[in-house]
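Chemist: File model_32.cif follows (mmCIF, C-alpha atoms and all ligand atoms):
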```
data_work
loop_
_atom_site.label_atom_id
_atom_site.label_comp_id
_atom_site.auth_asym_id
_atom_site.auth_seq_id
_atom_site.Cartn_x
_atom_site.Cartn_y
_atom_site.Cartn_z
CA MET A 12 78.27 125.81 104.08
CA PRO A 13 80.92 128.30 105.11
CA ARG A 14 79.69 131.02 107.39
CA ARG A 15 80.10 134.67 106.70
CA PRO A 16 82.26 136.64 109.13
CA ARG A 17 80.76 135.94 112.52
CA SER A 18 79.48 139.39 113.32
CA HIS A 19 76.94 139.09 110.47
CA SER A 20 75.53 135.67 111.29
CA ARG A 21 75.33 135.25 115.06
CA PRO A 22 72.76 136.46 117.52
CA ARG A 23 74.21 139.25 119.62
CA GLN A 24 74.68 137.25 122.80
CA ALA A 25 75.76 133.94 121.33
CA PRO A 26 78.87 132.73 123.19
CA ASP A 27 82.13 132.32 121.30
CA LEU A 28 83.77 130.06 123.84
CA LEU A 29 83.20 126.44 124.75
CA GLU A 30 85.02 125.26 127.87
CA LEU A 31 85.31 121.51 128.14
CA SER A 32 86.18 119.53 131.23
CA SER A 33 86.20 116.08 129.60
CA GLY A 34 87.49 114.62 126.36
CA THR A 35 90.13 117.34 126.13
CA ASP A 36 93.13 115.01 125.75
CA THR A 37 91.45 113.30 122.79
CA LEU A 38 90.80 116.66 121.16
CA ALA A 39 94.34 117.81 121.85
CA ALA A 40 95.61 114.59 120.22
CA GLY A 41 93.86 115.45 116.95
CA HIS A 42 90.26 114.24 117.27
CA PRO A 43 88.03 116.71 115.40
CA TRP A 44 84.65 116.16 117.09
CA VAL A 45 83.10 117.41 120.32
CA PHE A 46 80.17 115.21 121.28
CA ARG A 47 77.04 116.74 122.76
CA ASP A 48 77.48 116.67 126.52
CA ALA A 49 76.53 118.85 129.45
CA ALA A 50 79.07 121.57 128.61
CA VAL A 51 77.72 121.89 125.10
CA ARG A 52 74.10 121.91 126.31
CA ARG A 53 74.91 124.84 128.58
CA LEU A 54 75.71 126.86 125.47
CA GLY A 55 72.00 126.85 124.63
CA ALA A 56 70.57 127.25 121.16
CA LEU A 57 73.26 128.48 118.78
CA PRO A 58 72.83 128.73 115.03
CA LEU A 59 74.19 126.08 112.69
CA GLY A 60 77.80 126.82 111.81
CA HIS A 61 78.37 129.25 114.70
CA GLU A 62 82.13 129.45 115.28
CA LEU A 63 83.49 128.64 118.73
CA ASP A 64 86.87 128.65 120.41
CA VAL A 65 87.19 125.36 122.25
CA HIS A 66 89.26 125.42 125.45
CA ASP A 67 90.21 123.05 128.23
CA ALA A 68 88.21 124.27 131.24
CA LYS A 69 90.92 123.21 133.74
CA THR A 70 94.03 124.57 132.08
CA GLY A 71 92.58 127.18 129.73
CA ARG A 72 94.52 125.52 126.90
CA PHE A 73 93.21 126.39 123.41
CA LEU A 74 92.10 123.19 121.63
CA GLY A 75 90.74 124.45 118.34
CA ARG A 76 88.16 126.43 116.43
CA GLY A 77 84.91 124.59 115.84
CA LEU A 78 81.57 124.85 114.06
CA PHE A 79 78.40 124.30 116.06
CA GLU A 80 75.73 121.84 114.92
CA PRO A 81 72.39 122.10 116.76
CA GLU A 82 71.38 118.50 115.98
CA GLY A 83 73.00 115.08 116.11
CA THR A 84 75.60 113.48 118.36
CA ILE A 85 78.44 115.64 117.04
CA ALA A 86 77.92 119.09 118.53
CA VAL A 87 81.06 120.83 117.32
CA ARG A 88 83.35 119.99 114.41
CA ILE A 89 86.85 121.38 114.79
CA PHE A 90 87.95 123.02 111.55
CA SER A 91 91.18 124.69 112.62
CA ARG A 92 93.86 124.53 115.30
CA GLN A 93 94.85 128.11 114.50
CA PRO A 94 93.45 130.76 116.90
CA GLY A 95 91.45 133.43 115.09
CA GLU A 96 90.92 131.46 111.87
CA HIS A 97 87.45 131.72 110.26
CA PHE A 98 85.51 129.16 108.29
CA ASP A 99 84.82 131.37 105.31
CA LEU A 100 85.08 130.86 101.59
CA GLY A 101 88.79 131.69 101.48
CA PHE A 102 89.41 129.01 104.12
CA VAL A 103 87.37 126.41 102.21
CA LEU A 104 89.14 127.06 98.90
CA LYS A 105 92.57 126.91 100.56
CA ARG A 106 91.71 123.56 102.14
CA LEU A 107 90.51 122.31 98.76
CA ASP A 108 93.83 123.38 97.20
CA ARG A 109 95.72 121.61 99.94
CA ALA A 110 93.71 118.41 99.41
CA LEU A 111 94.32 118.57 95.65
CA GLU A 112 98.03 119.10 96.23
CA LEU A 113 98.20 115.99 98.43
CA ARG A 114 96.70 113.90 95.61
CA ARG A 115 98.92 115.49 92.95
CA THR A 116 102.00 114.74 95.01
CA TRP A 117 101.33 111.28 96.41
CA LEU A 118 98.59 109.56 94.44
CA ASN A 119 99.71 107.33 91.61
CA LEU A 120 97.06 107.78 88.95
CA HIS A 121 98.53 105.49 86.36
CA ASP A 122 95.59 104.26 84.25
CA THR A 123 93.18 105.50 86.95
CA ASN A 124 90.67 108.37 86.78
CA ALA A 125 88.45 107.71 89.81
CA TYR A 126 89.61 108.83 93.25
CA ARG A 127 88.67 110.86 96.30
CA LEU A 128 89.50 114.56 96.13
CA VAL A 129 88.43 115.56 99.64
CA ASN A 130 88.12 113.26 102.65
CA ALA A 131 86.10 115.46 105.02
CA GLU A 132 87.64 116.19 108.46
CA SER A 133 90.90 114.53 107.49
CA ASP A 134 91.36 117.06 104.68
CA GLY A 135 90.27 119.93 106.92
CA LEU A 136 86.76 120.25 105.43
CA PRO A 137 84.46 118.86 108.15
CA GLY A 138 81.55 116.79 106.88
CA LEU A 139 82.37 117.08 103.17
CA VAL A 140 83.46 114.33 100.79
CA ILE A 141 84.26 115.01 97.11
CA GLU A 142 85.07 112.27 94.61
CA ARG A 143 86.06 112.23 90.98
CA PHE A 144 84.61 109.66 88.58
CA ALA A 145 86.41 110.32 85.28
CA ASP A 146 84.87 113.56 83.95
CA TRP A 147 82.34 113.94 86.76
CA ILE A 148 82.88 115.24 90.25
CA VAL A 149 80.49 114.18 93.00
CA VAL A 150 80.04 116.31 96.11
CA GLN A 151 78.77 114.38 99.10
CA PRO A 152 77.86 116.29 102.29
CA TYR A 153 77.71 114.48 105.63
CA SER A 154 76.68 117.50 107.68
CA ASP A 155 74.05 120.25 107.56
CA LEU A 156 76.99 122.66 107.41
CA TRP A 157 76.94 121.93 103.67
CA SER A 158 73.22 122.24 103.06
CA THR A 159 74.19 124.77 100.39
CA ILE A 160 77.33 124.19 98.33
CA PRO A 161 78.92 127.62 97.70
CA ALA A 162 79.03 128.63 94.02
CA PRO A 163 82.79 129.46 94.05
CA LEU A 164 83.53 125.93 95.30
CA ILE A 165 81.46 124.47 92.44
CA GLU A 166 83.31 126.76 90.01
CA ARG A 167 86.69 125.61 91.35
CA LEU A 168 85.66 121.98 90.91
CA THR A 169 84.44 122.64 87.37
CA ALA A 170 87.81 124.25 86.63
CA LEU A 171 89.45 120.89 87.35
CA GLY A 172 88.20 119.86 83.91
CA ALA A 173 84.89 118.35 85.00
CA THR A 174 82.12 117.86 82.46
CA GLY A 175 79.66 117.92 85.35
CA VAL A 176 79.56 118.53 89.10
CA LEU A 177 76.96 116.44 90.90
CA LEU A 178 75.52 116.39 94.41
CA ARG A 179 74.81 113.10 96.17
CA PRO A 180 71.92 113.91 98.53
CA ARG A 181 72.45 113.24 102.22
CA GLN A 182 69.07 111.86 103.11
CA ARG A 183 67.68 108.85 101.30
CA SER A 184 64.27 110.49 101.49
CA GLN A 185 65.54 113.26 99.23
CA ALA A 186 65.31 112.78 95.46
CA PRO A 187 66.89 109.35 94.76
CA CYS A 188 69.32 110.65 92.17
CA LEU A 189 72.36 112.83 91.84
CA ASP A 190 71.51 116.51 91.48
CA LEU A 191 73.37 118.44 88.84
CA LEU A 192 75.23 121.43 90.34
CA ALA A 193 77.04 122.47 87.15
CA GLY A 194 77.75 121.25 83.63
CA VAL A 195 76.23 118.17 82.08
CA ALA A 196 74.94 114.98 83.76
CA PRO A 197 76.77 111.74 82.95
CA PRO A 198 75.26 109.29 80.48
CA GLU A 199 73.92 106.09 82.05
CA GLN A 200 76.88 104.09 80.78
CA ALA A 201 79.62 106.53 81.88
CA GLU A 202 82.80 104.61 82.73
CA VAL A 203 85.80 105.01 84.97
CA LEU A 204 89.23 103.52 84.56
CA GLU A 205 91.02 101.97 87.51
CA ASN A 206 94.44 100.41 87.04
CA GLY A 207 93.53 99.96 83.39
CA ILE A 208 90.22 98.17 84.16
CA ARG A 209 86.92 99.71 83.07
CA TYR A 210 83.96 99.95 85.43
CA ARG A 211 80.58 101.57 85.15
CA ALA A 212 80.85 104.89 87.03
CA PHE A 213 77.33 105.20 88.45
CA THR A 214 74.66 102.63 89.24
CA GLN A 215 71.15 102.78 87.86
CA ASP A 216 69.73 103.77 91.24
CA GLY A 217 71.63 106.97 90.55
CA VAL A 218 72.80 107.48 94.12
CA LYS A 219 75.49 104.89 94.78
CA PRO A 220 78.80 104.86 92.97
CA GLY A 221 79.52 102.09 90.49
CA LEU A 222 82.41 101.10 92.70
CA TYR A 223 83.67 102.06 96.14
CA LEU A 224 86.90 103.96 95.65
CA ASP A 225 88.46 103.12 99.02
CA HIS A 226 88.83 99.50 97.84
CA ARG A 227 91.04 100.43 94.85
CA GLU A 228 94.14 98.81 96.30
CA THR A 229 92.14 95.88 97.70
CA ARG A 230 90.93 95.15 94.17
CA GLN A 231 94.44 95.39 92.77
CA ARG A 232 96.03 93.22 95.46
CA LEU A 233 93.30 90.60 95.47
CA ALA A 234 93.39 90.39 91.68
CA GLY A 235 96.96 89.17 91.96
CA MET A 236 96.01 86.55 94.56
CA LEU A 237 92.82 85.27 92.91
CA ALA A 238 94.22 84.50 89.45
CA GLY A 239 93.24 80.94 88.56
CA ARG A 240 91.35 80.48 91.83
CA ARG A 241 87.83 79.39 92.76
CA PHE A 242 86.40 81.90 95.22
CA MET A 243 83.30 83.47 96.73
CA ASN A 244 82.78 87.22 96.67
CA ALA A 245 80.19 87.63 99.44
CA PHE A 246 78.29 90.96 99.68
CA SER A 247 79.62 91.40 96.16
CA TYR A 248 77.74 94.62 95.19
CA THR A 249 78.98 95.34 91.64
CA ALA A 250 81.59 92.58 92.12
CA GLY A 251 84.63 94.84 91.85
CA PHE A 252 86.96 92.21 93.33
CA THR A 253 85.78 89.66 90.77
CA VAL A 254 86.01 92.07 87.83
CA ALA A 255 89.56 93.08 88.79
CA ALA A 256 90.63 89.43 89.12
CA ALA A 257 88.91 88.16 85.98
CA ALA A 258 90.15 91.06 83.83
CA GLY A 259 93.66 89.76 84.43
CA ALA A 260 93.32 85.98 84.50
CA ALA A 261 90.68 83.27 84.29
CA CYS A 262 89.09 82.31 87.59
CA GLU A 263 85.82 80.91 88.91
CA SER A 264 83.74 83.12 91.16
CA PHE A 265 80.50 82.90 93.14
CA ASN A 266 79.14 86.39 93.70
CA VAL A 267 76.49 86.71 96.39
CA ASP A 268 74.36 89.77 97.03
CA GLN A 269 70.75 90.19 98.04
CA SER A 270 70.24 93.00 95.50
CA GLY A 271 69.86 91.53 92.02
CA TRP A 272 70.55 94.79 90.16
CA CYS A 273 74.17 94.78 91.43
CA HIS A 274 74.73 91.57 89.47
CA ASP A 275 73.60 93.25 86.23
CA VAL A 276 76.28 95.94 86.66
CA ALA A 277 78.84 93.24 87.55
CA ARG A 278 78.04 91.26 84.38
CA GLU A 279 78.31 94.45 82.28
CA ASN A 280 81.71 95.18 83.83
CA LEU A 281 82.96 91.66 83.12
CA THR A 282 81.91 92.07 79.48
CA ARG A 283 83.49 95.54 79.29
CA ASN A 284 86.84 94.03 80.20
CA ALA A 285 86.53 90.81 78.17
CA ALA A 286 86.99 89.05 81.51
CA ARG A 287 87.79 85.36 81.56
CA GLY A 288 86.59 82.42 83.61
CA GLU A 289 83.27 81.22 84.97
CA HIS A 290 81.20 83.58 87.06
CA HIS A 291 78.06 82.73 89.00
CA PHE A 292 75.67 85.31 90.44
CA ILE A 293 73.50 84.40 93.40
CA THR A 294 70.79 86.77 94.57
CA ALA A 295 70.29 85.70 98.18
CA ASP A 296 71.18 86.27 101.81
CA VAL A 297 74.89 85.54 102.28
CA LEU A 298 74.25 83.74 105.58
CA GLU A 299 71.80 81.34 103.97
CA VAL A 300 74.12 80.65 101.02
CA LEU A 301 77.01 79.89 103.38
CA GLU A 302 74.91 77.66 105.63
CA ARG A 303 73.74 75.57 102.68
CA TRP A 304 76.95 75.60 100.67
CA ASP A 305 77.37 72.31 98.77
CA SER A 306 79.26 73.41 95.65
CA GLY A 307 82.66 72.16 96.72
CA PRO A 308 85.67 73.68 98.42
CA LEU A 309 86.85 77.19 97.61
CA ASP A 310 90.33 78.68 97.56
CA ALA A 311 89.07 81.92 99.07
CA VAL A 312 86.04 83.62 100.57
CA ILE A 313 85.81 87.42 100.69
CA LEU A 314 83.43 88.90 103.25
CA ASP A 315 82.74 92.62 102.85
CA PRO A 316 79.51 93.16 104.80
CA PRO A 317 77.92 96.56 105.37
CA ALA A 318 78.12 97.84 108.95
CA PHE A 319 74.41 97.23 109.29
CA SER A 320 72.04 95.20 107.17
CA THR A 321 68.58 93.73 107.28
CA SER A 322 67.44 90.48 105.74
CA ARG A 323 64.76 87.89 106.48
CA ARG A 324 66.83 86.95 109.53
CA GLY A 325 66.52 90.44 110.97
CA VAL A 326 69.16 93.04 111.63
CA GLN A 327 72.84 92.13 111.39
CA THR A 328 75.57 94.44 112.66
CA ASN A 329 79.28 93.92 112.29
CA LYS A 330 79.93 94.97 115.86
CA ARG A 331 77.70 92.15 117.15
CA ASP A 332 77.57 89.50 114.40
CA LEU A 333 80.90 89.52 112.57
CA ALA A 334 82.42 86.54 114.43
CA ARG A 335 79.40 84.40 113.48
CA LEU A 336 79.77 85.51 109.84
CA VAL A 337 83.46 84.55 109.91
CA THR A 338 82.53 81.09 111.26
CA LEU A 339 80.06 80.58 108.42
CA GLY A 340 82.40 82.15 105.84
CA LEU A 341 85.05 79.56 106.65
CA ARG A 342 82.76 76.60 105.87
CA PRO A 343 83.60 76.45 102.14
CA VAL A 344 87.27 77.47 102.51
CA ARG A 345 89.62 74.57 101.83
CA PRO A 346 92.40 73.89 104.36
CA GLY A 347 95.09 76.49 103.78
CA GLY A 348 92.67 78.63 101.78
CA LEU A 349 92.16 82.35 102.20
CA LEU A 350 89.63 84.33 104.20
CA VAL A 351 89.36 88.06 103.51
CA VAL A 352 87.29 90.17 105.90
CA ALA A 353 86.68 93.84 105.20
CA SER A 354 85.03 96.41 107.42
CA ASN A 355 84.24 99.99 106.57
CA GLU A 356 83.29 101.22 109.97
CA GLY A 357 85.21 103.81 111.94
CA ARG A 358 83.74 102.57 115.22
CA LEU A 359 85.06 99.05 114.67
CA GLY A 360 88.76 99.31 115.42
CA TRP A 361 91.55 96.95 114.34
CA PRO A 362 91.78 95.09 117.69
CA GLU A 363 88.03 94.41 117.68
CA LEU A 364 88.03 93.29 114.04
CA LEU A 365 90.94 90.92 114.63
CA LYS A 366 89.18 89.55 117.71
CA HIS A 367 86.06 88.78 115.61
CA VAL A 368 88.21 86.97 113.03
CA ALA A 369 90.04 84.94 115.68
CA ARG A 370 86.85 84.06 117.58
CA GLY A 371 84.95 83.18 114.41
CA ALA A 372 87.78 80.95 113.22
CA ARG A 373 88.05 79.12 116.55
CA ALA A 374 84.30 78.51 116.55
CA ALA A 375 84.69 76.99 113.07
CA GLY A 376 87.47 74.73 114.36
CA ARG A 377 90.01 76.55 112.20
CA GLU A 378 93.13 78.54 112.88
CA ALA A 379 93.37 81.88 111.12
CA ALA A 380 96.89 83.18 110.43
CA LEU A 381 97.03 86.80 109.33
CA VAL A 382 99.01 87.32 106.14
CA SER A 383 98.08 90.94 105.37
CA ARG A 384 96.25 93.96 106.71
CA TRP A 385 95.25 96.72 104.34
CA SER A 386 93.76 100.21 104.71
CA ALA A 387 92.40 102.77 102.29
CA PRO A 388 94.79 104.40 99.78
CA VAL A 389 96.40 107.85 100.01
CA ASP A 390 93.39 109.71 98.66
CA PHE A 391 91.64 108.69 101.91
CA PRO A 392 93.96 110.32 104.46
CA THR A 393 93.01 109.92 108.12
CA LEU A 394 93.89 112.46 110.78
CA ALA A 395 96.14 110.94 113.40
CA GLY A 396 94.11 110.73 116.62
CA PHE A 397 90.78 110.26 114.76
CA PRO A 398 89.91 106.54 114.91
CA GLU A 399 86.40 107.12 113.50
CA GLY A 400 88.04 108.47 110.35
CA ASP A 401 90.10 105.30 109.92
CA ARG A 402 87.31 103.39 108.25
CA LEU A 403 88.50 100.75 105.82
CA LYS A 404 90.19 97.71 107.34
CA VAL A 405 90.89 94.55 105.39
CA VAL A 406 92.18 91.41 107.08
CA VAL A 407 93.62 88.63 104.94
CA ALA A 408 94.17 85.31 106.69
CA THR A 409 94.93 81.76 105.74
CA ALA A 410 92.56 79.26 107.30
CA GLY A 411 94.25 76.11 108.40
CA PRO A 412 92.99 73.21 110.46
CA ILE A 413 93.66 73.22 114.19
CA GLY A 414 96.48 70.78 114.95
CA ASN A 415 98.08 68.39 112.46
CA LYS A 416 95.09 66.25 111.51
C1 LIG A 501 79.59 97.31 101.50
S1 LIG A 501 78.69 96.75 100.10
C2 LIG A 501 79.86 95.63 99.47
C3 LIG A 501 80.87 96.29 98.56
C4 LIG A 501 81.57 95.35 97.63
N1 LIG A 501 82.24 94.26 98.30
C5 LIG A 501 82.56 96.10 96.74
O1 LIG A 501 83.76 95.92 96.89
O2 LIG A 501 82.11 96.89 95.95
C6 LIG A 501 77.49 95.75 100.85
C7 LIG A 501 76.60 94.91 99.93
O3 LIG A 501 76.04 93.90 100.76
C8 LIG A 501 74.72 93.61 100.30
N2 LIG A 501 74.07 92.94 101.44
C9 LIG A 501 73.76 93.46 102.64
N3 LIG A 501 73.27 92.49 103.46
C10 LIG A 501 73.28 91.34 102.75
C11 LIG A 501 72.92 90.01 103.05
N4 LIG A 501 72.47 89.67 104.25
N5 LIG A 501 73.08 89.09 102.08
C12 LIG A 501 73.52 89.41 100.85
N6 LIG A 501 73.90 90.68 100.51
C13 LIG A 501 73.78 91.62 101.45
C14 LIG A 501 74.17 94.93 99.86
O4 LIG A 501 73.14 94.72 98.90
C15 LIG A 501 75.42 95.60 99.27
O5 LIG A 501 75.48 95.40 97.88
#
```
Give the structure from the file, written as C-alpha cells.
Ligand SMILES: C[S@@+](CC[C@H](N)C(=O)[O-])C[C@H]1O[C@@H](n2cnc3c(N)ncnc32)[C@H](O)[C@@H]1O

Modeler:
Amino acid sequence: MPRRPRSHSRPRQAPDLLELSSGTDTLAAGHPWVFRDAAVRRLGALPLGHELDVHDAKTGRFLGRGLFEPEGTIAVRIFSRQPGEHFDLGFVLKRLDRALELRRTWLNLHDTNAYRLVNAESDGLPGLVIERFADWIVVQPYSDLWSTIPAPLIERLTALGATGVLLRPRQRSQAPCLDLLAGVAPPEQAEVLENGIRYRAFTQDGVKPGLYLDHRETRQRLAGMLAGRRFMNAFSYTAGFTVAAAAGAACESFNVDQSGWCHDVARENLTRNAARGEHHFITADVLEVLERWDSGPLDAVILDPPAFSTSRRGVQTNKRDLARLVTLGLRPVRPGGLLVVASNEGRLGWPELLKHVARGARAAGREAALVSRWSAPVDFPTLAGFPEGDRLKVVVATAGPIGNK
C-alpha cells in the first residue's frame, strides 16, 4: 500500500539511505530488487514500505528509490529511478495511467476482453498485478506493500467500466475465494472472450483464473498448428490450448491433468464454442501417462508443467526434472512431430530451458530442432535487465530421429 509522506510514517531515526557494495551493476542495468544481504541487515528494523535512496557505496552513484520489506528474500523494491520521488497515491495512480496507456496503444483487443492491466515491477507498481476478465477486474498483490488496496485505486479501476473489482488473496491459507472490493461479484458462469473464443472466466475453486492470460498468443498460434492433428495437452488445466484449437477445426486431443475439476471446465468450454473433434480427459500424473502410453503416435505433445509440483512420485521441479520430462514427452511423438515446452518461471532462463530440451531429446534418442520461441504478449511487459520478470517461455521444436534411419 502506498506510504504517506515519509515524515508521518517513519520512526525518527530510521535511515533514508542504503549503500550497496555488491549487485550495483545489476541494479543500474534495470533490476528492481535488492536482496537481503549484509548491507540491508545493517539498516536494522525498518517499517514496511519505508522509502530509501539506494546508492553505490563505492562511487556514490544514485541507483533508485526503493521500498523496504522487513520479511522475505527481497529486502527493497525499487519503485523509481527519479531522485526525490515518493511512493504515494499520486504516484500509484500515475503509474496505473501509464500502464493503461501502454495497453490502449499497443494491445490488439480484437474480440478479446481478458488481459493484464498492470504487470507489477515492469509497470512501475512493485508487487502488484491487476487483470481484467470481461467486466471484472482482479487485483492480485504479491507483496505485503499491498496488504491494503487504497480506495482511490479501487475507484479508478471501477471507473474503467468494471461491474466488480475483486481481490485474489496472496496466501492460500486466507479465504479460498476472491474478495469483493467494489461492485458486484461475477456469476459462476461468467465468461471471457479471447480472439473470438469463449472461456469460463473463473474456476469453481474461486481463486484461480479460468485461463492464464499470458498464454493468449500461445493459444492462438498453437490453434493454427493443431488443426486436424492428434495431440496431447499435458498439464492441461482448463485445456485452453485444446479449446482454442478445437473451436477452429476438428482435432483429436488427450488432455492430462491430475486435478479432475479442470477437465469439467475444459468440457464446458468445448461445449460453449461448439468445438469439433474427439477429446479425451485423463485424470492422472503426466509422468505415469507418458511412461505407459500405448494409444498410438501423436502429431504433437505440449508440456506446460508448473514450476513445482507434487504427485505420488514426490516433488518435481522444472529446474531439476525438466529434461527427464522432455525425454518422456517425446515417447508418443511421431518422427517429425512437434514438441512444445512451456515454462513460467523467471528463474529458469532461456539458455537453461533450451539445454533441458536438447538434453531430454538426446536422452530419448531424438533430435529436437527449434522452430519457434514465444514469450508473453504486450500486456505482460518486462523491464529490460529484470530476468525474473521475463517469465513465460515457450519452445516449439520438431522431433526427428537421430541420423537417417
Ligand atoms: C501451469 S498449469 C498448466 C496451464 C495450462 N497448460 C494452460 O494453458 O492453462 C499446471 C497444471 O498442471 C497440473 N499438474 C501439476 N503436476 C501434475 C502432474 N504431475 N500430473 C498431472 N498434472 C499435474 C496442475 O493440476 C495444473 O492444472

Chemist: Considering only C-alpha atoms, return as a ChimeraX atom specification whatever protein or nucleic-acid residues lie within 8 Å of Phe46 in chain A, sequence-local ones (same chain, fewer than 2 positions apart) excluded.

Modeler: /A:44,48,84-87

Chemist: Let me see the file: selected residues, C-alpha atoms, as a PDB file, in the frame of the given file.

Modeler:
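Once everything was written out, this is out.pdb:
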```pdb
ATOM      1  CA  TRP A  44      84.650 116.160 117.090  1.00  0.00           C
ATOM      2  CA  ASP A  48      77.480 116.670 126.520  1.00  0.00           C
ATOM      3  CA  THR A  84      75.600 113.480 118.360  1.00  0.00           C
ATOM      4  CA  ILE A  85      78.440 115.640 117.040  1.00  0.00           C
ATOM      5  CA  ALA A  86      77.920 119.090 118.530  1.00  0.00           C
ATOM      6  CA  VAL A  87      81.060 120.830 117.320  1.00  0.00           C
TER       7      VAL A  87
END
```

Chemist: Grab me every residue within 8 Å of ligand LIG 501 (chain A), counting all atoms listed in the file, and send it over as a compact mmCIF listing (two decimals) with C-alpha atoms, in the coordinates of the input.

Modeler:
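After the write, result_33.txt holds the following:
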```
# COMPACT_ATOMS: atom_id res chain seq x y z
CA GLY A 221 79.52 102.09 90.49
CA LEU A 222 82.41 101.10 92.70
CA TYR A 223 83.67 102.06 96.14
CA HIS A 226 88.83 99.50 97.84
CA ARG A 230 90.93 95.15 94.17
CA ASN A 244 82.78 87.22 96.67
CA ALA A 245 80.19 87.63 99.44
CA PHE A 246 78.29 90.96 99.68
CA SER A 247 79.62 91.40 96.16
CA TYR A 248 77.74 94.62 95.19
CA THR A 249 78.98 95.34 91.64
CA ALA A 250 81.59 92.58 92.12
CA GLY A 251 84.63 94.84 91.85
CA PHE A 252 86.96 92.21 93.33
CA VAL A 267 76.49 86.71 96.39
CA ASP A 268 74.36 89.77 97.03
CA GLN A 269 70.75 90.19 98.04
CA SER A 270 70.24 93.00 95.50
CA CYS A 273 74.17 94.78 91.43
CA THR A 294 70.79 86.77 94.57
CA ALA A 295 70.29 85.70 98.18
CA ASP A 296 71.18 86.27 101.81
CA VAL A 297 74.89 85.54 102.28
CA LEU A 298 74.25 83.74 105.58
CA LEU A 314 83.43 88.90 103.25
CA ASP A 315 82.74 92.62 102.85
CA PRO A 316 79.51 93.16 104.80
CA PRO A 317 77.92 96.56 105.37
CA ALA A 318 78.12 97.84 108.95
CA PHE A 319 74.41 97.23 109.29
CA SER A 320 72.04 95.20 107.17
CA THR A 321 68.58 93.73 107.28
CA SER A 322 67.44 90.48 105.74
CA GLN A 327 72.84 92.13 111.39
CA ASN A 355 84.24 99.99 106.57
```

Chemist: Give me, as a PyMOL selection string, all polymer residues having an atom no more than 10 Å from Glu356 in chain A, counting all atoms listed in the file and skipping those fewer than 3 positions away in the same chain.

Modeler: chain A and resi 317-319+329-330+353+359-360+398-404

Chemist: Just the residues within 12 Å of Arg377 in chain A, please, counting all atoms listed in the file, with nothing from its chain fewer than 5 positions along; format it as an mmCIF file with C-alpha atoms, in the coordinates of the input.

Modeler:
```cif
data_model
loop_
_atom_site.group_PDB
_atom_site.id
_atom_site.type_symbol
_atom_site.label_atom_id
_atom_site.label_comp_id
_atom_site.auth_asym_id
_atom_site.auth_seq_id
_atom_site.Cartn_x
_atom_site.Cartn_y
_atom_site.Cartn_z
ATOM 1 C CA VAL A 337 83.460 84.550 109.910
ATOM 2 C CA THR A 338 82.530 81.090 111.260
ATOM 3 C CA LEU A 339 80.060 80.580 108.420
ATOM 4 C CA GLY A 340 82.400 82.150 105.840
ATOM 5 C CA LEU A 341 85.050 79.560 106.650
ATOM 6 C CA ARG A 342 82.760 76.600 105.870
ATOM 7 C CA PRO A 343 83.600 76.450 102.140
ATOM 8 C CA VAL A 344 87.270 77.470 102.510
ATOM 9 C CA ARG A 345 89.620 74.570 101.830
ATOM 10 C CA PRO A 346 92.400 73.890 104.360
ATOM 11 C CA GLY A 347 95.090 76.490 103.780
ATOM 12 C CA GLY A 348 92.670 78.630 101.780
ATOM 13 C CA LEU A 349 92.160 82.350 102.200
ATOM 14 C CA LEU A 350 89.630 84.330 104.200
ATOM 15 C CA VAL A 368 88.210 86.970 113.030
ATOM 16 C CA ALA A 369 90.040 84.940 115.680
ATOM 17 C CA ARG A 370 86.850 84.060 117.580
ATOM 18 C CA GLY A 371 84.950 83.180 114.410
ATOM 19 C CA ALA A 372 87.780 80.950 113.220
ATOM 20 C CA ALA A 408 94.170 85.310 106.690
ATOM 21 C CA THR A 409 94.930 81.760 105.740
ATOM 22 C CA ALA A 410 92.560 79.260 107.300
ATOM 23 C CA GLY A 411 94.250 76.110 108.400
ATOM 24 C CA PRO A 412 92.990 73.210 110.460
ATOM 25 C CA ILE A 413 93.660 73.220 114.190
ATOM 26 C CA GLY A 414 96.480 70.780 114.950
ATOM 27 C CA ASN A 415 98.080 68.390 112.460
ATOM 28 C CA LYS A 416 95.090 66.250 111.510
#
```

Chemist: Range 129-167 of chain A near range 111-124 of chain A within 12 Å: what's each residue's closest atom pair and its distance in Å to one decimal, counting only C-alpha atoms, ordered by chain then ascending residue number, as JSON lines?

Modeler:
```
{"residue": "A:Val129", "atom": "CA", "partner": "A:Leu111", "partner_atom": "CA", "distance": 7.7}
{"residue": "A:Asn130", "atom": "CA", "partner": "A:Leu111", "partner_atom": "CA", "distance": 10.8}
{"residue": "A:Ser133", "atom": "CA", "partner": "A:Leu113", "partner_atom": "CA", "distance": 11.7}
{"residue": "A:Asp134", "atom": "CA", "partner": "A:Leu113", "partner_atom": "CA", "distance": 9.3}
{"residue": "A:Ile141", "atom": "CA", "partner": "A:Leu111", "partner_atom": "CA", "distance": 10.8}
{"residue": "A:Glu142", "atom": "CA", "partner": "A:Asn124", "partner_atom": "CA", "distance": 10.4}
{"residue": "A:Arg143", "atom": "CA", "partner": "A:Asn124", "partner_atom": "CA", "distance": 7.3}
{"residue": "A:Phe144", "atom": "CA", "partner": "A:Asn124", "partner_atom": "CA", "distance": 6.5}
{"residue": "A:Ala145", "atom": "CA", "partner": "A:Asn124", "partner_atom": "CA", "distance": 4.9}
{"residue": "A:Asp146", "atom": "CA", "partner": "A:Asn124", "partner_atom": "CA", "distance": 8.3}
{"residue": "A:Trp147", "atom": "CA", "partner": "A:Asn124", "partner_atom": "CA", "distance": 10.0}
{"residue": "A:Ile148", "atom": "CA", "partner": "A:Asn124", "partner_atom": "CA", "distance": 11.0}
{"residue": "A:Arg167", "atom": "CA", "partner": "A:Leu111", "partner_atom": "CA", "distance": 11.2}
```

Chemist: So the first atom is CA of Phe90 in chain A and the second is CA of Val65 in chain A; what is the distance between them in Å, to one decimal place?

Modeler: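 Calculated distance between CA of Phe90 in chain A and CA of Val65 in chain A is 11.0 Å.
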
Chemist: With distances taken over all atoms listed in the file, which residue among A:Val140, A:Thr169, A:Leu74, A:Gly60 lies nearest Asp155 in chain A?

Modeler: A:Gly60

Chemist: Using all atoms listed in the file, which of A:Leu136, A:Leu54, A:Ala196, A:Val352 sits nearest Leu365 in chain A?

Modeler: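 Answer, going by the shortest atom-to-atom distance: A:Val352.
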
Chemist: Could you check how far CA of Arg106 in chain A sits from CA of Ala193 in chain A, in Å to one decimal?

Modeler: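 Taking CA of Arg106 in chain A and CA of Ala193 in chain A, their separation equals 21.0 Å.
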